[in-house]
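final-v9.cif (mmCIF, N, CA and C atoms) appears below.
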```cif
data_model
loop_
_atom_site.label_atom_id
_atom_site.label_comp_id
_atom_site.auth_asym_id
_atom_site.auth_seq_id
_atom_site.Cartn_x
_atom_site.Cartn_y
_atom_site.Cartn_z
N GLN Y 216 105.17 41.83 -40.46
CA GLN Y 216 103.77 41.65 -40.05
C GLN Y 216 102.86 42.24 -41.13
N VAL Y 217 101.92 41.44 -41.58
CA VAL Y 217 101.00 41.87 -42.62
C VAL Y 217 99.87 42.68 -42.00
N GLN Y 218 99.54 43.77 -42.66
CA GLN Y 218 98.43 44.60 -42.21
C GLN Y 218 97.53 44.92 -43.41
N LEU Y 219 96.24 44.70 -43.24
CA LEU Y 219 95.25 45.03 -44.26
C LEU Y 219 94.34 46.10 -43.67
N VAL Y 220 94.25 47.23 -44.36
CA VAL Y 220 93.48 48.36 -43.85
C VAL Y 220 92.37 48.69 -44.84
N GLU Y 221 91.14 48.54 -44.38
CA GLU Y 221 89.97 48.82 -45.21
C GLU Y 221 89.49 50.26 -44.99
N SER Y 222 88.95 50.84 -46.04
CA SER Y 222 88.40 52.19 -45.94
C SER Y 222 87.33 52.38 -46.99
N GLY Y 223 86.56 53.45 -46.84
CA GLY Y 223 85.57 53.80 -47.85
C GLY Y 223 84.13 53.53 -47.47
N GLY Y 224 83.92 52.93 -46.32
CA GLY Y 224 82.55 52.65 -45.91
C GLY Y 224 81.81 53.93 -45.52
N GLY Y 225 80.54 53.78 -45.25
CA GLY Y 225 79.74 54.93 -44.85
C GLY Y 225 78.26 54.62 -44.89
N LEU Y 226 77.47 55.69 -44.76
CA LEU Y 226 76.02 55.58 -44.80
C LEU Y 226 75.54 56.02 -46.18
N VAL Y 227 74.72 55.20 -46.81
CA VAL Y 227 74.24 55.50 -48.15
C VAL Y 227 72.79 55.05 -48.26
N GLN Y 228 72.04 55.73 -49.09
CA GLN Y 228 70.65 55.33 -49.31
C GLN Y 228 70.58 54.14 -50.25
N ALA Y 229 69.52 53.39 -50.15
CA ALA Y 229 69.31 52.27 -51.06
C ALA Y 229 69.37 52.76 -52.50
N GLY Y 230 70.06 51.99 -53.33
CA GLY Y 230 70.26 52.38 -54.71
C GLY Y 230 71.54 53.13 -54.95
N GLY Y 231 72.19 53.54 -53.90
CA GLY Y 231 73.43 54.29 -54.01
C GLY Y 231 74.64 53.41 -54.24
N SER Y 232 75.81 54.06 -54.24
CA SER Y 232 77.07 53.38 -54.53
C SER Y 232 78.15 53.77 -53.53
N LEU Y 233 79.08 52.88 -53.35
CA LEU Y 233 80.28 53.13 -52.54
C LEU Y 233 81.45 52.38 -53.17
N ILE Y 234 82.64 52.91 -52.92
CA ILE Y 234 83.86 52.20 -53.32
C ILE Y 234 84.69 51.96 -52.07
N LEU Y 235 84.96 50.70 -51.80
CA LEU Y 235 85.82 50.31 -50.69
C LEU Y 235 87.24 50.06 -51.20
N SER Y 236 88.20 50.38 -50.33
CA SER Y 236 89.60 50.12 -50.65
C SER Y 236 90.22 49.31 -49.53
N CYS Y 237 91.21 48.51 -49.91
CA CYS Y 237 91.95 47.70 -48.93
C CYS Y 237 93.41 47.79 -49.32
N GLU Y 238 94.20 48.39 -48.45
CA GLU Y 238 95.63 48.52 -48.71
C GLU Y 238 96.39 47.52 -47.85
N ALA Y 239 97.23 46.75 -48.50
CA ALA Y 239 98.01 45.72 -47.82
C ALA Y 239 99.44 46.18 -47.65
N SER Y 240 100.00 45.89 -46.50
CA SER Y 240 101.39 46.23 -46.24
C SER Y 240 102.02 45.14 -45.40
N GLY Y 241 103.33 45.12 -45.41
CA GLY Y 241 104.04 44.11 -44.63
C GLY Y 241 105.25 43.63 -45.39
N SER Y 242 106.32 43.43 -44.68
CA SER Y 242 107.57 43.04 -45.31
C SER Y 242 107.40 41.72 -46.06
N GLY Y 243 107.69 41.77 -47.33
CA GLY Y 243 107.64 40.56 -48.12
C GLY Y 243 106.26 40.08 -48.50
N PHE Y 244 105.22 40.82 -48.12
CA PHE Y 244 103.87 40.37 -48.42
C PHE Y 244 103.56 40.54 -49.89
N ARG Y 245 103.02 39.51 -50.49
CA ARG Y 245 102.63 39.54 -51.89
C ARG Y 245 101.17 39.13 -51.97
N MET Y 246 100.35 40.02 -52.50
CA MET Y 246 98.93 39.72 -52.63
C MET Y 246 98.75 38.64 -53.67
N ASN Y 247 98.22 37.52 -53.27
CA ASN Y 247 97.85 36.50 -54.24
C ASN Y 247 96.34 36.61 -54.46
N ILE Y 248 95.61 35.57 -54.22
CA ILE Y 248 94.16 35.68 -54.33
C ILE Y 248 93.67 36.49 -53.14
N MET Y 249 92.91 37.53 -53.41
CA MET Y 249 92.38 38.38 -52.35
C MET Y 249 90.85 38.36 -52.40
N GLY Y 250 90.27 38.61 -51.25
CA GLY Y 250 88.81 38.58 -51.18
C GLY Y 250 88.25 39.68 -50.31
N TRP Y 251 87.02 40.02 -50.59
CA TRP Y 251 86.24 40.88 -49.71
C TRP Y 251 85.22 40.01 -49.00
N TYR Y 252 85.02 40.29 -47.74
CA TYR Y 252 84.09 39.54 -46.91
C TYR Y 252 83.21 40.55 -46.18
N ARG Y 253 82.07 40.06 -45.66
CA ARG Y 253 81.24 40.95 -44.85
C ARG Y 253 80.58 40.17 -43.74
N GLN Y 254 80.25 40.92 -42.69
CA GLN Y 254 79.58 40.29 -41.55
C GLN Y 254 78.52 41.24 -41.03
N SER Y 255 77.29 40.74 -41.01
CA SER Y 255 76.17 41.50 -40.45
C SER Y 255 75.95 41.05 -39.02
N PRO Y 256 75.31 41.88 -38.20
CA PRO Y 256 75.06 41.49 -36.80
C PRO Y 256 74.33 40.16 -36.72
N GLY Y 257 74.85 39.27 -35.91
CA GLY Y 257 74.22 37.98 -35.71
C GLY Y 257 74.45 36.99 -36.83
N GLN Y 258 75.22 37.37 -37.82
CA GLN Y 258 75.48 36.49 -38.97
C GLN Y 258 76.95 36.09 -39.01
N GLN Y 259 77.21 34.98 -39.68
CA GLN Y 259 78.60 34.59 -39.89
C GLN Y 259 79.22 35.44 -41.00
N ARG Y 260 80.51 35.58 -40.92
CA ARG Y 260 81.23 36.30 -41.97
C ARG Y 260 81.12 35.49 -43.25
N GLN Y 261 80.87 36.17 -44.36
CA GLN Y 261 80.72 35.49 -45.64
C GLN Y 261 81.58 36.16 -46.70
N MET Y 262 81.98 35.36 -47.67
CA MET Y 262 82.76 35.88 -48.78
C MET Y 262 81.84 36.62 -49.73
N VAL Y 263 82.29 37.79 -50.18
CA VAL Y 263 81.51 38.60 -51.11
C VAL Y 263 82.07 38.47 -52.52
N ALA Y 264 83.39 38.59 -52.63
CA ALA Y 264 84.03 38.53 -53.94
C ALA Y 264 85.49 38.18 -53.76
N SER Y 265 86.08 37.60 -54.79
CA SER Y 265 87.51 37.30 -54.76
C SER Y 265 88.12 37.62 -56.12
N ILE Y 266 89.44 37.79 -56.11
CA ILE Y 266 90.14 38.14 -57.35
C ILE Y 266 91.55 37.58 -57.31
N THR Y 267 91.97 36.98 -58.40
CA THR Y 267 93.32 36.46 -58.52
C THR Y 267 94.27 37.57 -58.97
N ARG Y 268 95.56 37.27 -58.98
CA ARG Y 268 96.52 38.27 -59.45
C ARG Y 268 96.28 38.59 -60.92
N GLY Y 269 95.76 37.62 -61.63
CA GLY Y 269 95.45 37.84 -63.05
C GLY Y 269 94.08 38.44 -63.29
N ALA Y 270 93.41 38.86 -62.21
CA ALA Y 270 92.12 39.56 -62.27
C ALA Y 270 90.95 38.65 -62.64
N ASN Y 271 91.09 37.36 -62.43
CA ASN Y 271 89.91 36.50 -62.51
C ASN Y 271 89.09 36.69 -61.25
N THR Y 272 87.79 36.84 -61.43
CA THR Y 272 86.94 37.21 -60.29
C THR Y 272 85.86 36.17 -60.02
N ASN Y 273 85.37 36.21 -58.81
CA ASN Y 273 84.28 35.35 -58.39
C ASN Y 273 83.42 36.14 -57.40
N TYR Y 274 82.10 35.95 -57.48
CA TYR Y 274 81.19 36.72 -56.65
C TYR Y 274 80.16 35.83 -55.98
N ALA Y 275 79.74 36.25 -54.80
CA ALA Y 275 78.59 35.62 -54.17
C ALA Y 275 77.36 35.95 -55.01
N ASP Y 276 76.41 35.03 -55.06
CA ASP Y 276 75.22 35.25 -55.88
C ASP Y 276 74.48 36.53 -55.49
N SER Y 277 74.51 36.86 -54.22
CA SER Y 277 73.75 38.00 -53.72
C SER Y 277 74.27 39.34 -54.23
N VAL Y 278 75.50 39.38 -54.75
CA VAL Y 278 76.08 40.65 -55.18
C VAL Y 278 76.42 40.67 -56.66
N LYS Y 279 76.24 39.55 -57.35
CA LYS Y 279 76.56 39.50 -58.78
C LYS Y 279 75.82 40.59 -59.53
N ALA Y 280 76.50 41.20 -60.46
CA ALA Y 280 75.98 42.26 -61.33
C ALA Y 280 75.82 43.59 -60.59
N ARG Y 281 76.12 43.61 -59.30
CA ARG Y 281 76.03 44.88 -58.55
C ARG Y 281 77.40 45.32 -58.04
N PHE Y 282 78.22 44.34 -57.63
CA PHE Y 282 79.53 44.64 -57.08
C PHE Y 282 80.62 44.25 -58.08
N THR Y 283 81.73 45.01 -58.03
CA THR Y 283 82.87 44.70 -58.88
C THR Y 283 84.15 44.78 -58.05
N ILE Y 284 84.90 43.69 -58.03
CA ILE Y 284 86.17 43.66 -57.33
C ILE Y 284 87.28 43.92 -58.33
N SER Y 285 88.29 44.68 -57.91
CA SER Y 285 89.43 44.96 -58.77
C SER Y 285 90.66 45.11 -57.89
N ARG Y 286 91.82 45.20 -58.53
CA ARG Y 286 93.05 45.29 -57.76
C ARG Y 286 94.10 46.07 -58.53
N ASP Y 287 95.01 46.64 -57.77
CA ASP Y 287 96.19 47.29 -58.33
C ASP Y 287 97.38 46.65 -57.64
N ASN Y 288 98.02 45.72 -58.32
CA ASN Y 288 99.12 44.97 -57.70
C ASN Y 288 100.29 45.87 -57.35
N ALA Y 289 100.54 46.89 -58.15
CA ALA Y 289 101.65 47.80 -57.87
C ALA Y 289 101.43 48.57 -56.57
N LYS Y 290 100.17 48.83 -56.26
CA LYS Y 290 99.84 49.57 -55.04
C LYS Y 290 99.43 48.66 -53.90
N ASN Y 291 99.46 47.36 -54.14
CA ASN Y 291 99.03 46.40 -53.11
C ASN Y 291 97.65 46.76 -52.56
N THR Y 292 96.75 47.09 -53.46
CA THR Y 292 95.42 47.56 -53.06
C THR Y 292 94.35 46.80 -53.82
N VAL Y 293 93.29 46.48 -53.09
CA VAL Y 293 92.13 45.81 -53.66
C VAL Y 293 90.92 46.73 -53.45
N TYR Y 294 90.04 46.75 -54.44
CA TYR Y 294 88.87 47.62 -54.38
C TYR Y 294 87.59 46.82 -54.49
N LEU Y 295 86.52 47.41 -53.99
CA LEU Y 295 85.19 46.83 -54.19
C LEU Y 295 84.25 47.96 -54.54
N GLN Y 296 83.84 47.98 -55.80
CA GLN Y 296 82.84 48.94 -56.26
C GLN Y 296 81.47 48.35 -55.99
N MET Y 297 80.66 49.04 -55.23
CA MET Y 297 79.33 48.53 -54.87
C MET Y 297 78.26 49.46 -55.42
N ASN Y 298 77.45 48.95 -56.30
CA ASN Y 298 76.36 49.72 -56.90
C ASN Y 298 75.02 49.12 -56.51
N SER Y 299 73.97 49.90 -56.72
CA SER Y 299 72.60 49.44 -56.44
C SER Y 299 72.51 48.81 -55.05
N LEU Y 300 73.04 49.50 -54.10
CA LEU Y 300 73.10 48.96 -52.74
C LEU Y 300 71.70 48.77 -52.16
N LYS Y 301 71.58 47.72 -51.36
CA LYS Y 301 70.33 47.35 -50.71
C LYS Y 301 70.52 47.35 -49.20
N PRO Y 302 69.45 47.53 -48.45
CA PRO Y 302 69.58 47.49 -46.99
C PRO Y 302 70.25 46.19 -46.50
N GLU Y 303 70.01 45.10 -47.19
CA GLU Y 303 70.62 43.83 -46.76
C GLU Y 303 72.13 43.78 -47.02
N ASP Y 304 72.68 44.77 -47.69
CA ASP Y 304 74.13 44.86 -47.85
C ASP Y 304 74.79 45.48 -46.62
N THR Y 305 73.99 45.97 -45.69
CA THR Y 305 74.54 46.56 -44.47
C THR Y 305 75.37 45.53 -43.71
N ALA Y 306 76.62 45.88 -43.42
CA ALA Y 306 77.54 44.96 -42.77
C ALA Y 306 78.87 45.67 -42.55
N VAL Y 307 79.73 45.02 -41.81
CA VAL Y 307 81.13 45.41 -41.76
C VAL Y 307 81.85 44.62 -42.85
N TYR Y 308 82.58 45.34 -43.69
CA TYR Y 308 83.28 44.72 -44.82
C TYR Y 308 84.77 44.63 -44.50
N TYR Y 309 85.32 43.46 -44.80
CA TYR Y 309 86.71 43.17 -44.56
C TYR Y 309 87.37 42.67 -45.84
N CYS Y 310 88.67 42.87 -45.93
CA CYS Y 310 89.42 42.18 -46.97
C CYS Y 310 90.37 41.21 -46.28
N ASN Y 311 90.78 40.21 -47.04
CA ASN Y 311 91.68 39.18 -46.54
C ASN Y 311 92.15 38.41 -47.74
N SER Y 312 93.07 37.53 -47.53
CA SER Y 312 93.44 36.63 -48.60
C SER Y 312 92.28 35.66 -48.81
N PHE Y 313 92.35 34.89 -49.91
CA PHE Y 313 91.36 33.86 -50.14
C PHE Y 313 92.09 32.55 -50.37
N PRO Y 314 91.87 31.55 -49.50
CA PRO Y 314 91.02 31.59 -48.32
C PRO Y 314 91.60 32.53 -47.25
N PRO Y 315 90.77 32.96 -46.33
CA PRO Y 315 91.24 33.95 -45.36
C PRO Y 315 92.20 33.37 -44.34
N ARG Y 316 93.09 34.22 -43.85
CA ARG Y 316 93.99 33.84 -42.79
C ARG Y 316 93.60 34.61 -41.54
N GLN Y 317 93.52 33.95 -40.44
CA GLN Y 317 93.06 34.55 -39.20
C GLN Y 317 93.87 35.78 -38.83
N GLU Y 318 95.18 35.70 -39.03
CA GLU Y 318 96.04 36.80 -38.58
C GLU Y 318 95.95 38.03 -39.48
N TYR Y 319 95.25 37.93 -40.59
CA TYR Y 319 95.13 39.07 -41.50
C TYR Y 319 93.87 39.92 -41.27
N TRP Y 320 92.95 39.44 -40.45
CA TRP Y 320 91.71 40.22 -40.28
C TRP Y 320 92.02 41.59 -39.69
N GLY Y 321 91.48 42.63 -40.31
CA GLY Y 321 91.62 43.98 -39.80
C GLY Y 321 90.36 44.45 -39.11
N GLN Y 322 90.22 45.76 -39.02
CA GLN Y 322 89.06 46.33 -38.34
C GLN Y 322 87.83 46.38 -39.23
N GLY Y 323 88.03 46.31 -40.52
CA GLY Y 323 86.89 46.39 -41.43
C GLY Y 323 86.40 47.82 -41.58
N THR Y 324 85.44 47.96 -42.46
CA THR Y 324 84.81 49.27 -42.67
C THR Y 324 83.29 49.07 -42.72
N GLN Y 325 82.58 49.90 -41.98
CA GLN Y 325 81.14 49.75 -41.86
C GLN Y 325 80.42 50.33 -43.07
N VAL Y 326 79.53 49.55 -43.62
CA VAL Y 326 78.64 50.01 -44.69
C VAL Y 326 77.21 49.91 -44.18
N THR Y 327 76.52 51.01 -44.21
CA THR Y 327 75.13 51.03 -43.78
C THR Y 327 74.26 51.58 -44.91
N VAL Y 328 73.27 50.79 -45.30
CA VAL Y 328 72.37 51.18 -46.40
C VAL Y 328 70.99 51.41 -45.82
N SER Y 329 70.51 52.63 -45.94
CA SER Y 329 69.19 52.96 -45.41
C SER Y 329 68.13 52.78 -46.49
N SER Y 330 66.95 52.40 -46.05
CA SER Y 330 65.84 52.16 -47.00
C SER Y 330 65.06 53.43 -47.27
#
```

Could you show the structure in this file as structure tokens?
Amino acid sequence: QVQLVESGGGLVQAGGSLILSCEASGSGFRMNIMGWYRQSPGQQRQMVASITRGANTNYADSVKARFTISRDNAKNTVYLQMNSLKPEDTAVYYCNSFPPRQEYWGQGTQVTVSS
């Protein structure tokens, strides 16, 4: 059974930074393309960033130049460095494969950016 566990969220002032981590576990699980997603209250979940095993990355326009996705394949871990945070970045952040698989959704980690 695959399990993705997100951590690193918290409360931060606008302009601040956070680093999110996502550790993947499960017998035989191999991280291929992985993504970070977020969901704000009343909004649909949206893709924030994705990364291939070869570290090719893709970002939503709203986070380009502010967020950086990275991975450590040996540790089965994906990271999201978030800089210059804005109140509109407030959301629950999740990791999943890309495209996402329903059975992989975890609890997410809450990020709250105060103005």

Residue nearest Ala264 of chain Y among Y:Trp251, Y:Tyr308, Y:Phe313, Y:Tyr294 (counting only C-alpha atoms): Y:Trp251

From chain Y, collect each residue whose DSSP state is strand (DSSP E) and return the set as number ranges by chain. Y: 218-222, 225-228, 233-240, 249-254, 261-266, 272-274, 282-287, 292-297, 306-312, 324-329

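When the PyMOL selection byres (((chain Y and resi 235 and name CA) around 9) and name CA) is run on the displayed coordinates, the residues it returns are Glu221, Ser222, Gly223, Gly224, Leu233, Ile234, Ser236, Cys237, Val293, Tyr294, Leu295, Gln296, Met297, Tyr308 and Thr324 of chain Y.
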
Evaluated on this file, the PyMOL selection byres ((chain Y and resi 309) around 5) picks out some residues - which ones are they, written as a count of residues only? 8

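Of the listed residues Y:Ser329, Y:Asn288, Y:Asn298, Y:Gln216, the one whose atoms come nearest to Ser242 of chain Y is Y:Gln216, with distances taken using only N, CA and C atoms.
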
For the provided coordinates, the residues matched by the PyMOL selection byres (((chain Y and resi 326 and name CA) around 7) and name CA) should be stated as a PyMOL selection string. chain Y and resi 224-226+305-307+324-325+327-328

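What separates atom CA of Phe282 of chain Y from atom N of Met249 of chain Y is a distance of 15.6 Å.
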
Tell me, as a PyMOL selection string, which residues lie within 9 Å of Gly230 of chain Y, counting only C-alpha atoms; anything in the same chain fewer than 2 positions away does not count. chain Y and resi 227-228+232+298-301+328+330

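Taking atom CA of Ile248 of chain Y as the reference point, atom CA of Val220 of chain Y is found at 16.5 Å.
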
Need the shell around Asn291 of chain Y: protein/DNA/RNA residues with any atom at most 7 Å away, counting only C-alpha atoms. Skip same-chain ones fewer than 3 positions apart. Format as a VMD selection string? chain Y and resid 238 to 239 246 287 to 288

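Among the candidate residues Y:Pro315, Y:Gly241, Y:Trp320, Y:Ala280, the one lying nearest to Met262 of chain Y is Y:Pro315, with distances computed using only C-alpha atoms.
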
Just the number, please: distance in Å from atom N of Gly321 of chain Y to atom C of Thr283 of chain Y, one decimal. 19.3 Å

Would you return as a PDB file with N, CA and C atoms, in the coordinates of the input the members of segment 239-306 of chain Y that DSSP assigns to helix (DSSP H, G or I) on this structure's backbone?
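out.pdb, written as the output of this step:
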```pdb
ATOM      1  N   ASN Y 288      98.020  45.720 -58.320  1.00  0.00           N
ATOM      2  CA  ASN Y 288      99.120  44.970 -57.700  1.00  0.00           C
ATOM      3  C   ASN Y 288     100.290  45.870 -57.350  1.00  0.00           C
ATOM      4  N   ALA Y 289     100.540  46.890 -58.150  1.00  0.00           N
ATOM      5  CA  ALA Y 289     101.650  47.800 -57.870  1.00  0.00           C
ATOM      6  C   ALA Y 289     101.430  48.570 -56.570  1.00  0.00           C
ATOM      7  N   LYS Y 290     100.170  48.830 -56.260  1.00  0.00           N
ATOM      8  CA  LYS Y 290      99.840  49.570 -55.040  1.00  0.00           C
ATOM      9  C   LYS Y 290      99.430  48.660 -53.900  1.00  0.00           C
ATOM     10  N   PRO Y 302      69.450  47.530 -48.450  1.00  0.00           N
ATOM     11  CA  PRO Y 302      69.580  47.490 -46.990  1.00  0.00           C
ATOM     12  C   PRO Y 302      70.250  46.190 -46.500  1.00  0.00           C
ATOM     13  N   GLU Y 303      70.010  45.100 -47.190  1.00  0.00           N
ATOM     14  CA  GLU Y 303      70.620  43.830 -46.760  1.00  0.00           C
ATOM     15  C   GLU Y 303      72.130  43.780 -47.020  1.00  0.00           C
ATOM     16  N   ASP Y 304      72.680  44.770 -47.690  1.00  0.00           N
ATOM     17  CA  ASP Y 304      74.130  44.860 -47.850  1.00  0.00           C
ATOM     18  C   ASP Y 304      74.790  45.480 -46.620  1.00  0.00           C
TER      19      ASP Y 304
END
```

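If all atoms listed in the file are the atoms counted, then among Y:Thr267, Y:Thr292, Y:Gln218, Y:Asn273 the closest residue to Asn247 of chain Y is Y:Thr267.
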
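Among Y:Ser285, Y:Asn271, Y:Gln254, Y:Ser265, the residue with the shortest atom-to-atom distance to Gln322 of chain Y, counting only C-alpha atoms, is Y:Gln254.
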